[in-house]
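Below is the file data-v1.cif, which contains mmCIF, C-alpha atoms.
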data_final
loop_
_atom_site.label_atom_id
_atom_site.label_comp_id
_atom_site.auth_asym_id
_atom_site.auth_seq_id
_atom_site.Cartn_x
_atom_site.Cartn_y
_atom_site.Cartn_z
CA MET A 495 184.50 99.21 170.46
CA ALA A 496 183.74 96.34 172.85
CA ALA A 497 185.81 95.97 175.99
CA LYS A 498 188.17 93.01 175.93
CA ASP A 499 188.82 90.79 178.89
CA PHE A 500 192.44 91.25 179.99
CA TYR A 501 192.80 87.53 180.69
CA GLN A 502 191.68 86.80 177.13
CA VAL A 503 194.09 89.43 175.80
CA LEU A 504 197.02 87.57 177.37
CA GLY A 505 195.54 84.14 176.67
CA VAL A 506 195.56 82.98 180.30
CA SER A 507 192.88 81.82 182.71
CA ASP A 508 191.59 84.04 185.49
CA SER A 509 193.35 81.74 187.97
CA ALA A 510 196.74 82.14 186.28
CA SER A 511 199.75 82.67 188.53
CA GLN A 512 201.91 85.76 188.30
CA ASP A 513 204.61 83.67 186.64
CA GLU A 514 202.15 82.47 183.97
CA ILE A 515 200.98 86.05 183.36
CA LYS A 516 204.56 87.26 183.04
CA LYS A 517 205.48 84.48 180.58
CA ALA A 518 202.40 85.16 178.45
CA TYR A 519 203.12 88.89 178.39
CA ARG A 520 206.77 88.45 177.42
CA ARG A 521 205.87 86.05 174.61
CA LEU A 522 203.19 88.34 173.16
CA ALA A 523 205.17 91.54 173.70
CA LYS A 524 208.09 90.08 171.78
CA GLN A 525 205.77 89.05 168.95
CA TYR A 526 203.94 92.39 168.63
CA HIS A 527 206.61 94.88 169.69
CA PRO A 528 206.79 97.89 167.30
CA ASP A 529 210.49 97.22 166.69
CA ALA A 530 209.61 93.80 165.29
CA ASN A 531 206.68 95.18 163.29
CA PRO A 532 207.69 98.54 161.76
CA ASN A 533 204.89 100.46 160.00
CA ASN A 534 202.33 97.94 161.30
CA ALA A 535 199.61 99.92 163.06
CA SER A 536 197.60 96.83 164.03
CA ALA A 537 200.65 95.27 165.71
CA ALA A 538 201.27 98.53 167.58
CA ASP A 539 197.66 98.55 168.78
CA ARG A 540 197.94 94.91 169.85
CA PHE A 541 201.16 95.71 171.73
CA LYS A 542 199.43 98.54 173.62
CA GLU A 543 196.52 96.24 174.42
CA ILE A 544 198.91 93.58 175.74
CA SER A 545 200.82 96.14 177.81
CA GLU A 546 197.58 97.51 179.25
CA ALA A 547 196.43 94.02 180.27
CA HIS A 548 199.81 93.21 181.82
CA SER A 549 199.98 96.48 183.76
CA VAL A 550 196.72 95.55 185.51
CA LEU A 551 197.10 91.79 185.98
CA SER A 552 200.74 91.99 187.14
CA ASP A 553 199.81 94.36 189.97
CA SER A 554 198.16 92.43 192.82
CA ASP A 555 196.04 95.37 193.99
CA LYS A 556 194.87 96.36 190.52
CA ARG A 557 194.18 92.73 189.63
CA LYS A 558 192.05 92.33 192.75
CA GLN A 559 190.04 95.41 191.82
CA TYR A 560 189.75 94.28 188.20
CA ASP A 561 188.52 90.84 189.26
CA GLN A 562 185.93 92.53 191.45
CA MET A 563 184.60 94.45 188.46
CA ARG A 564 184.51 91.26 186.36
CA ARG A 565 182.42 89.56 189.04
CA LEU A 566 180.03 92.51 188.95
CA GLY A 567 179.60 91.97 185.21
CA ALA A 568 181.68 94.90 183.96
CA PHE A 569 182.89 92.85 180.99
CA ASP A 570 180.03 90.48 180.32
CA GLY A 571 176.94 92.67 180.58
CA GLY A 572 176.04 91.30 184.00
CA ALA A 573 175.83 94.63 185.88
CA ARG A 574 173.19 97.15 184.93
CA GLY A 575 171.41 100.05 186.58
CA PRO A 576 169.84 103.47 186.05
CA ARG A 577 171.65 106.36 184.47
CA ALA A 578 172.81 109.20 186.65
CA GLY A 579 170.06 111.77 186.92
CA GLY A 580 167.35 109.20 187.54
CA ALA A 581 166.27 108.54 183.93
CA ARG A 582 164.40 105.26 183.58
CA ARG A 583 163.78 103.20 180.47
CA ALA A 584 160.32 102.25 179.33
CA PRO A 585 159.01 98.78 180.27
CA GLY A 586 160.36 96.19 177.86
CA ALA A 587 162.93 98.56 176.38
CA GLU A 588 166.51 97.35 175.91
CA PRO A 589 169.02 98.78 178.40
CA SER A 590 171.25 101.51 177.06
CA ALA A 591 174.88 100.69 176.36
CA GLU A 592 175.72 103.82 178.24
CA GLY A 593 173.42 103.09 181.16
CA PHE A 594 176.28 103.55 183.63
CA GLU A 595 179.20 105.88 183.89
CA PHE A 596 181.96 105.98 186.49
CA GLY A 597 180.03 108.50 188.60
CA ASP A 598 177.07 106.14 188.94
CA PHE A 599 179.06 103.76 191.13
CA GLY A 600 180.86 106.03 193.57
CA GLY A 601 183.65 103.81 194.91
CA LEU A 602 183.52 101.53 191.88
CA GLY A 603 184.28 104.51 189.68
CA ASP A 604 187.45 105.03 191.68
CA ILE A 605 188.31 101.39 191.18
CA PHE A 606 187.95 101.74 187.41
CA SER A 607 190.02 104.91 187.45
CA SER A 608 192.81 103.25 189.38
CA ILE A 609 192.79 100.15 187.17
CA PHE A 610 193.05 102.08 183.94
CA GLY A 611 195.61 104.58 185.20
CA ARG A 612 193.26 107.51 185.65
CA GLY A 613 193.35 107.87 189.43
CA ARG A 614 193.95 111.34 190.80
CA GLN A 615 196.41 110.15 193.44
CA GLU A 616 198.82 108.37 191.07
CA GLU A 617 200.88 110.18 188.51
CA PRO A 618 201.07 108.21 185.25
CA ARG A 619 204.37 106.39 184.96
CA ALA A 620 206.03 104.35 182.23
CA GLU A 621 206.13 100.59 182.50
CA ALA A 622 208.75 99.09 184.81
CA LEU A 623 211.74 97.36 183.23
CA GLU A 624 213.02 94.06 184.64
CA THR A 625 216.53 92.68 184.29
CA LEU A 626 218.65 89.84 185.68
CA VAL A 627 222.15 90.88 186.76
CA GLU A 628 225.01 88.50 187.53
CA VAL A 629 227.38 89.69 190.26
CA PRO A 630 230.67 88.23 191.51
CA PHE A 631 230.47 86.36 194.81
CA ARG A 632 232.73 88.82 196.65
CA VAL A 633 230.74 91.88 195.44
CA ALA A 634 227.48 90.23 196.48
CA ALA A 635 228.79 89.43 199.94
CA LEU A 636 230.55 92.74 200.68
CA GLY A 637 228.39 95.06 198.57
CA GLY A 638 229.54 97.28 195.72
CA LYS A 639 228.58 98.47 192.27
CA VAL A 640 228.18 96.77 188.90
CA THR A 641 227.56 98.37 185.53
CA VAL A 642 225.12 96.83 183.05
CA ASN A 643 223.94 97.71 179.54
CA LEU A 644 220.17 97.71 179.16
CA GLN A 645 218.01 97.67 176.03
CA VAL A 646 215.36 100.32 176.68
CA THR A 647 212.64 102.13 174.76
CA GLU A 648 213.12 105.90 174.73
CA PRO A 649 211.58 108.88 172.92
CA CYS A 650 212.83 109.10 169.34
CA PRO A 651 215.63 111.68 169.07
CA THR A 652 214.60 112.69 165.54
CA CYS A 653 211.02 113.67 166.35
CA ALA A 654 211.41 114.12 170.14
CA GLY A 655 208.67 111.53 170.62
CA SER A 656 206.05 113.28 168.47
CA GLY A 657 206.03 110.62 165.75
CA GLY A 658 206.08 113.21 162.97
CA ALA A 659 208.84 113.89 160.47
CA PRO A 660 210.75 117.17 160.91
CA GLY A 661 208.76 119.92 159.20
CA ALA A 662 205.58 117.84 158.96
CA THR A 663 202.21 119.54 159.30
CA TRP A 664 199.72 118.35 161.86
CA SER A 665 195.98 117.82 161.69
CA THR A 666 193.32 116.77 164.16
CA CYS A 667 192.95 113.02 164.46
CA PRO A 668 189.74 111.97 162.65
CA GLU A 669 189.27 108.94 164.91
CA CYS A 670 189.22 110.65 168.33
CA LYS A 671 188.48 114.20 167.12
CA GLY A 672 191.55 115.50 168.91
CA ARG A 673 190.75 114.09 172.34
CA GLY A 674 193.56 111.53 172.26
CA THR A 675 191.26 108.89 173.72
CA ILE A 676 188.35 106.82 172.53
CA SER A 677 185.61 105.23 174.61
CA PHE A 678 184.60 101.62 174.53
CA GLY A 679 181.80 100.07 176.50
CA GLN A 680 180.27 96.78 177.39
CA GLY A 681 177.65 95.73 179.87
CA GLY A 682 176.68 99.32 180.58
CA PHE A 683 180.22 100.59 181.33
CA ALA A 684 182.25 103.12 179.38
CA VAL A 685 186.07 103.20 179.62
CA ASN A 686 188.52 105.47 177.86
CA ARG A 687 191.76 104.26 176.27
CA PRO A 688 194.41 105.92 174.09
CA CYS A 689 193.37 106.38 170.48
CA PRO A 690 195.12 103.74 168.31
CA GLN A 691 195.31 106.00 165.24
CA CYS A 692 197.09 108.98 166.82
CA ARG A 693 198.58 106.99 169.71
CA GLY A 694 196.92 109.27 172.24
CA ARG A 695 198.34 112.50 170.81
CA GLY A 696 195.07 113.86 169.44
CA ARG A 697 196.67 114.83 166.13
CA ILE A 698 198.41 113.10 163.23
CA PRO A 699 201.38 114.25 161.12
CA SER A 700 201.34 114.68 157.35
CA GLU A 701 204.45 112.51 157.24
CA PRO A 702 205.62 110.00 159.88
CA CYS A 703 209.08 110.25 161.39
CA PRO A 704 211.59 108.33 159.21
CA THR A 705 213.48 107.07 162.28
CA CYS A 706 210.68 105.65 164.42
CA HIS A 707 208.06 105.30 161.64
CA GLY A 708 205.55 107.33 163.62
CA VAL A 709 205.77 105.33 166.83
CA GLY A 710 207.62 108.13 168.66
CA GLN A 711 209.95 105.67 170.41
CA VAL A 712 213.12 103.79 169.53
CA ARG A 713 215.10 100.98 171.11
CA THR A 714 218.50 101.98 172.42
CA GLU A 715 221.19 100.78 174.82
CA ARG A 716 221.74 102.56 178.11
CA GLN A 717 224.46 101.97 180.69
CA VAL A 718 223.30 101.87 184.30
CA ALA A 719 225.38 101.65 187.49
CA ILE A 720 223.65 99.37 190.01
CA THR A 721 224.41 99.35 193.73
CA VAL A 722 224.63 95.82 195.13
CA PRO A 723 223.58 95.68 198.82
CA PRO A 724 225.91 93.79 201.21
CA GLY A 725 224.75 90.23 201.83
CA THR A 726 223.02 89.91 198.45
CA GLU A 727 221.94 86.38 197.54
CA THR A 728 220.65 84.87 194.32
CA GLY A 729 217.04 86.00 193.94
CA THR A 730 217.49 89.27 195.86
CA ARG A 731 215.48 92.05 194.14
CA ILE A 732 215.81 95.82 194.30
CA ARG A 733 213.77 98.62 192.71
CA MET A 734 215.52 101.62 191.14
CA ARG A 735 213.04 104.48 190.84
CA GLY A 736 212.95 106.22 187.47
CA GLN A 737 215.66 104.04 185.90
CA GLY A 738 213.37 101.98 183.67
CA GLN A 739 211.59 102.81 180.44
CA ALA A 740 211.43 106.47 179.46
CA ALA A 741 207.93 107.92 179.23
CA SER A 742 206.38 110.16 176.62
CA GLY A 743 204.52 113.36 177.21
CA GLY A 744 206.62 114.39 180.18
CA ALA A 745 205.42 111.55 182.40
CA PRO A 746 207.93 110.09 184.88
CA ALA A 747 210.16 107.25 183.68
CA GLY A 748 209.35 103.77 184.89
CA ASP A 749 211.27 101.86 187.54
CA LEU A 750 214.04 99.33 187.02
CA LEU A 751 213.49 96.01 188.82
CA VAL A 752 216.79 94.19 189.30
CA THR A 753 217.06 90.53 190.25
CA PHE A 754 220.55 89.40 191.26
CA GLN A 755 222.20 86.11 190.41
CA VAL A 756 225.40 85.49 192.39
CA GLN A 757 228.28 83.80 190.58
CA PRO A 758 229.92 80.88 192.41
CA ASP A 759 233.35 81.32 194.00
CA ARG A 760 236.16 78.79 193.72
CA PHE A 761 237.06 79.06 197.42
CA PHE A 762 233.96 80.20 199.34
CA HIS A 763 230.34 79.23 199.54
CA ARG A 764 227.63 80.57 201.83
CA GLU A 765 225.57 78.97 204.55
CA GLY A 766 223.35 81.85 205.62
CA LEU A 767 225.70 84.55 206.87
CA ASP A 768 228.55 82.08 207.40
CA LEU A 769 231.27 81.59 204.78
CA VAL A 770 232.56 78.06 204.28
CA CYS A 771 235.91 77.19 202.71
CA GLU A 772 237.97 74.03 202.42
CA VAL A 773 241.71 73.71 203.02
CA PRO A 774 243.86 70.62 202.39
CA LEU A 775 246.03 68.98 205.08
CA ASN A 776 248.57 66.25 204.48
CA LEU A 777 248.66 63.18 206.68
CA ALA A 778 251.46 64.52 208.87
CA GLN A 779 249.74 67.88 209.44
CA ALA A 780 246.46 66.21 210.40
CA THR A 781 248.21 63.73 212.70
CA LEU A 782 250.79 65.98 214.36
CA GLY A 783 249.03 69.36 214.11
CA THR A 784 250.13 72.50 212.29
CA ARG A 785 249.43 76.20 211.73
CA LEU A 786 247.80 77.46 208.52
CA ARG A 787 247.37 80.91 206.97
CA VAL A 788 243.79 81.08 205.71
CA ARG A 789 242.46 83.74 203.31
CA THR A 790 239.37 85.69 204.38
CA LEU A 791 236.74 87.37 202.22
CA ASP A 792 238.39 90.79 202.38
CA GLY A 793 241.65 89.35 201.01
CA LYS A 794 243.56 89.28 204.31
CA LYS A 795 245.00 86.12 205.87
CA VAL A 796 244.60 84.89 209.44
CA MET A 797 246.64 82.27 211.26
CA LEU A 798 244.67 79.15 212.20
CA ARG A 799 245.98 76.51 214.62
CA ILE A 800 245.21 72.91 213.66
CA PRO A 801 245.55 70.49 216.63
CA GLY A 802 247.10 67.05 216.26
CA GLY A 803 244.71 64.23 215.49
CA THR A 804 242.39 66.36 213.37
CA GLN A 805 239.87 64.24 211.47
CA PRO A 806 238.86 64.81 207.83
CA GLY A 807 235.87 67.12 207.47
CA ARG A 808 236.35 68.87 210.82
CA ARG A 809 235.41 72.55 210.81
CA PHE A 810 237.18 75.42 212.56
CA ARG A 811 235.46 78.75 213.18
CA ILE A 812 237.00 82.17 212.57
CA LYS A 813 234.70 84.61 214.37
CA GLY A 814 233.39 87.67 212.56
CA GLN A 815 234.80 86.85 209.13
CA GLY A 816 231.51 85.96 207.46
CA VAL A 817 228.90 88.02 205.63
CA GLU A 818 227.41 91.11 207.28
CA LYS A 819 223.76 91.99 206.69
CA ASN A 820 221.46 94.33 208.60
CA GLY A 821 224.04 94.76 211.33
CA VAL A 822 224.55 91.02 211.87
CA LYS A 823 227.81 89.34 210.85
CA GLY A 824 228.50 85.67 210.35
CA ASP A 825 231.69 83.64 210.78
CA GLN A 826 234.11 81.88 208.47
CA LEU A 827 234.06 78.08 208.74
CA VAL A 828 237.25 76.34 207.64
CA GLN A 829 236.72 72.69 206.76
CA VAL A 830 239.83 70.51 206.48
CA GLN A 831 240.35 67.81 203.88
CA VAL A 832 243.11 65.29 204.58
CA THR A 833 245.04 64.25 201.50
CA VAL A 834 246.76 60.87 201.25
CA PRO A 835 249.98 60.37 199.20
CA ASP A 836 249.39 58.74 195.83
CA GLN A 837 252.65 56.75 195.97
CA LEU A 838 255.13 55.64 198.64
CA THR A 839 258.61 54.20 198.27
CA ALA A 840 259.32 50.74 199.63
CA GLU A 841 261.13 52.30 202.57
CA GLN A 842 258.22 54.63 203.32
CA GLN A 843 255.76 51.76 203.14
CA GLU A 844 257.84 49.74 205.60
CA MET A 845 258.03 52.67 208.03
CA LEU A 846 254.25 53.20 207.79
CA LYS A 847 253.64 49.51 208.48
CA ARG A 848 255.80 49.61 211.60
CA PHE A 849 253.96 52.74 212.74
CA ALA A 850 250.58 51.14 212.15
CA GLU A 851 251.58 47.99 214.04
CA SER A 852 252.92 49.97 216.99
CA ALA A 853 249.68 51.99 217.13
CA GLY A 854 247.53 48.88 216.87
CA MET A 855 246.07 49.90 213.48
CA GLN A 856 244.61 47.40 211.03
CA TYR A 857 245.71 47.52 207.41
#
Mind converting the file's structure to structure tokens?
Amino acid sequence: MAAKDFYQVLGVSDSASQDEIKKAYRRLAKQYHPDANPNNASAADRFKEISEAHSVLSDSDKRKQYDQMRRLGAFDGGARGPRAGGARRAPGAEPSAEGFEFGDFGGLGDIFSSIFGRGRQEEPRAEALETLVEVPFRVAALGGKVTVNLQVTEPCPTCAGSGGAPGATWSTCPECKGRGTISFGQGGFAVNRPCPQCRGRGRIPSEPCPTCHGVGQVRTERQVAITVPPGTETGTRIRMRGQGQAASGGAPAGDLLVTFQVQPDRFFHREGLDLVCEVPLNLAQATLGTRLRVRTLDGKKVMLRIPGGTQPGRRFRIKGQGVEKNGVKGDQLVQVQVTVPDQLTAEQQEMLKRFAESAGMQY
């Protein structure tokens, strides 16, 4: 089987941004997901191929290593060399498709191993799951917990992830001869990948599981409690280890990547660590001065003195009543809005005119 270029698999250019790669993956994964294509082995294979490409290209380090191998001709036949052991081909003979193996390249073999998930240092882990979580303004500012329901892929409860019906007999996979992997090569390189027929198990059941149709996984809903850090803003991301997709074969579960979106508040908005709120003053309060009880983020109220002659839009600072993050706490800024009466009686209008004239005001 010829190696496929991961950029071609996702249908993007090799200069594609991470956002373009993510969009292409989500579109293709939705189209070829086993849940949307039950009993369709080719769709399942395509889904694995798409997932494999995304797992490499979405990781900056793996993508860098992968691009290095592409430049060396790993996927276009551009890199060739002698077989390990010093065997040489006769003059004019065509190069062998197996002219190189991982061991022939030393460090490059390690690169290939890390790209395709075969490194000795990293334990295989299921794919990370990403979700967008909306949180109330107060919870985001003070910190707290929110509970969300996630659609996840988990091992099938009927077959425990084996893909076989209860009581089914098992036989060695004829495609991979029980190895669970098949090799494909191009340009003198050989790379292993999970066998598409047995899905990497090395054996096939006499009858597929009636629940998962042989896939070994099902979609289900799981409730997860998420801790919201104090000072969270829209776009803040956290990683929850082992809370993502469940893995088969005893491998660790993937991580859950949470991106927060903060809901607006009717009273507060943020300016960095400062909280800004608006309070109304009538004309008399702004002119003569007054005292106001202003609500703070924690629900308490503080007394604020408004001096006479306060102008619309003026801000007053309440120290230490803002958002706290990393040991630093902001203030609460109270901005006043002066309201003008909609209607005045004839007597009130006359009194206001006399006041304006005595104060030298134009009207």
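Note that atom CA of A:Cys692 and atom CA of A:Lys516 are 28.1 Å apart.
Across the model, the gap from atom CA of A:Lys823 to atom CA of A:Cys771 is 16.7 Å.
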Query raised in the report: Can you tell me, as a ChimeraX atom specification, what residues are no more than 9 Å from A:Phe762 when counting only C-alpha atoms, ignoring any on the same chain fewer than 2 positions away?
Result: /A:631,758-760,764,769-772,791
Query raised in the report: Which of these residues is nearest to A:Arg799, using all atoms listed in the file: A:Thr784, A:Lys558, A:Arg540, A:Lys819?
Result: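 When distances to A:Arg799 are compared using all atoms listed in the file, the smallest one comes from A:Thr784.
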Report task. Would you be able to write out as a VMD selection string which residues have an atom within 10 Å of (214.4, 110.1, 169.1) in the file's coordinates, counting only C-alpha atoms? Result -> chain A and resid 647 to 657 703 705 to 706 710 to 714
**Report entry** Neighbour list for A:Gln717 as a list in words, cut-off 12 Å, all atoms listed in the file, skip fewer than 5 positions in-chain
**Finding:**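 In the requested format, the answer is Val640, Thr641, Val642, Asn643, Leu644, Gln645, Val646, Gln737 and Gly738 of chain A.
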Requested in this report: Do a neighbour search on A:Val773 at 10 Å with only C-alpha atoms, toss out local chain neighbours closer than 4 positions, and write the hits as a VMD selection string.
Outcome: chain A and resid 761 786 to 788 807 828 to 832
Could the residues in this selection be saved with C-alpha atoms as a PDB file, keeping the file's coordinate frame?
ATOM      1  CA  PHE A 761     237.060  79.060 197.420  1.00  0.00           C
ATOM      2  CA  LEU A 786     247.800  77.460 208.520  1.00  0.00           C
ATOM      3  CA  ARG A 787     247.370  80.910 206.970  1.00  0.00           C
ATOM      4  CA  VAL A 788     243.790  81.080 205.710  1.00  0.00           C
ATOM      5  CA  GLY A 807     235.870  67.120 207.470  1.00  0.00           C
ATOM      6  CA  VAL A 828     237.250  76.340 207.640  1.00  0.00           C
ATOM      7  CA  GLN A 829     236.720  72.690 206.760  1.00  0.00           C
ATOM      8  CA  VAL A 830     239.830  70.510 206.480  1.00  0.00           C
ATOM      9  CA  GLN A 831     240.350  67.810 203.880  1.00  0.00           C
ATOM     10  CA  VAL A 832     243.110  65.290 204.580  1.00  0.00           C
TER      11      VAL A 832
END
Padding of 8 Å on every side, edges along x, y and z, all listed atoms of stretch 545-563 of chain A included: what centre and edge lengths in Å, to one decimal, does that box have, as JSON?
{"center_x": 192.7, "center_y": 94.2, "center_z": 185.9, "size_x": 32.2, "size_y": 22.7, "size_z": 32.2}
Query raised in the report: Applied to this file, what does the PyMOL selection byres ((chain A and resi 658-670) around 7) return in terms of residues, put as a ChimeraX atom specification?
Result: /A:653,656-657,671-676,689,691-692,696-704,708
Expansion of the PyMOL selection byres ((chain A and resi 729) around 6) into residues, as a PDB file with C-alpha atoms, keeping the file's coordinate frame:
ATOM      1  CA  THR A 728     220.650  84.870 194.320  1.00  0.00           C
ATOM      2  CA  THR A 730     217.490  89.270 195.860  1.00  0.00           C
ATOM      3  CA  THR A 753     217.060  90.530 190.250  1.00  0.00           C
ATOM      4  CA  PHE A 754     220.550  89.400 191.260  1.00  0.00           C
TER       5      PHE A 754
END
Using all atoms listed in the file, determine which residues lie at most 9 Å from A:Tyr501, disregarding the query and same-chain residues fewer than 2 positions distant; provide the list as a tab-separated table (two decimals) with C-alpha atoms, keeping the file's coordinate frame.
chain	number	residue	atom	x	y	z
A	498	LYS	CA	188.17	93.01	175.93
A	499	ASP	CA	188.82	90.79	178.89
A	503	VAL	CA	194.09	89.43	175.80
A	504	LEU	CA	197.02	87.57	177.37
A	505	GLY	CA	195.54	84.14	176.67
A	506	VAL	CA	195.56	82.98	180.30
A	507	SER	CA	192.88	81.82	182.71
A	508	ASP	CA	191.59	84.04	185.49
A	510	ALA	CA	196.74	82.14	186.28
A	515	ILE	CA	200.98	86.05	183.36
A	547	ALA	CA	196.43	94.02	180.27
A	551	LEU	CA	197.10	91.79	185.98
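We find atom CA of A:Lys542 and atom CA of A:Ile720 to be spaced 29.3 Å apart.
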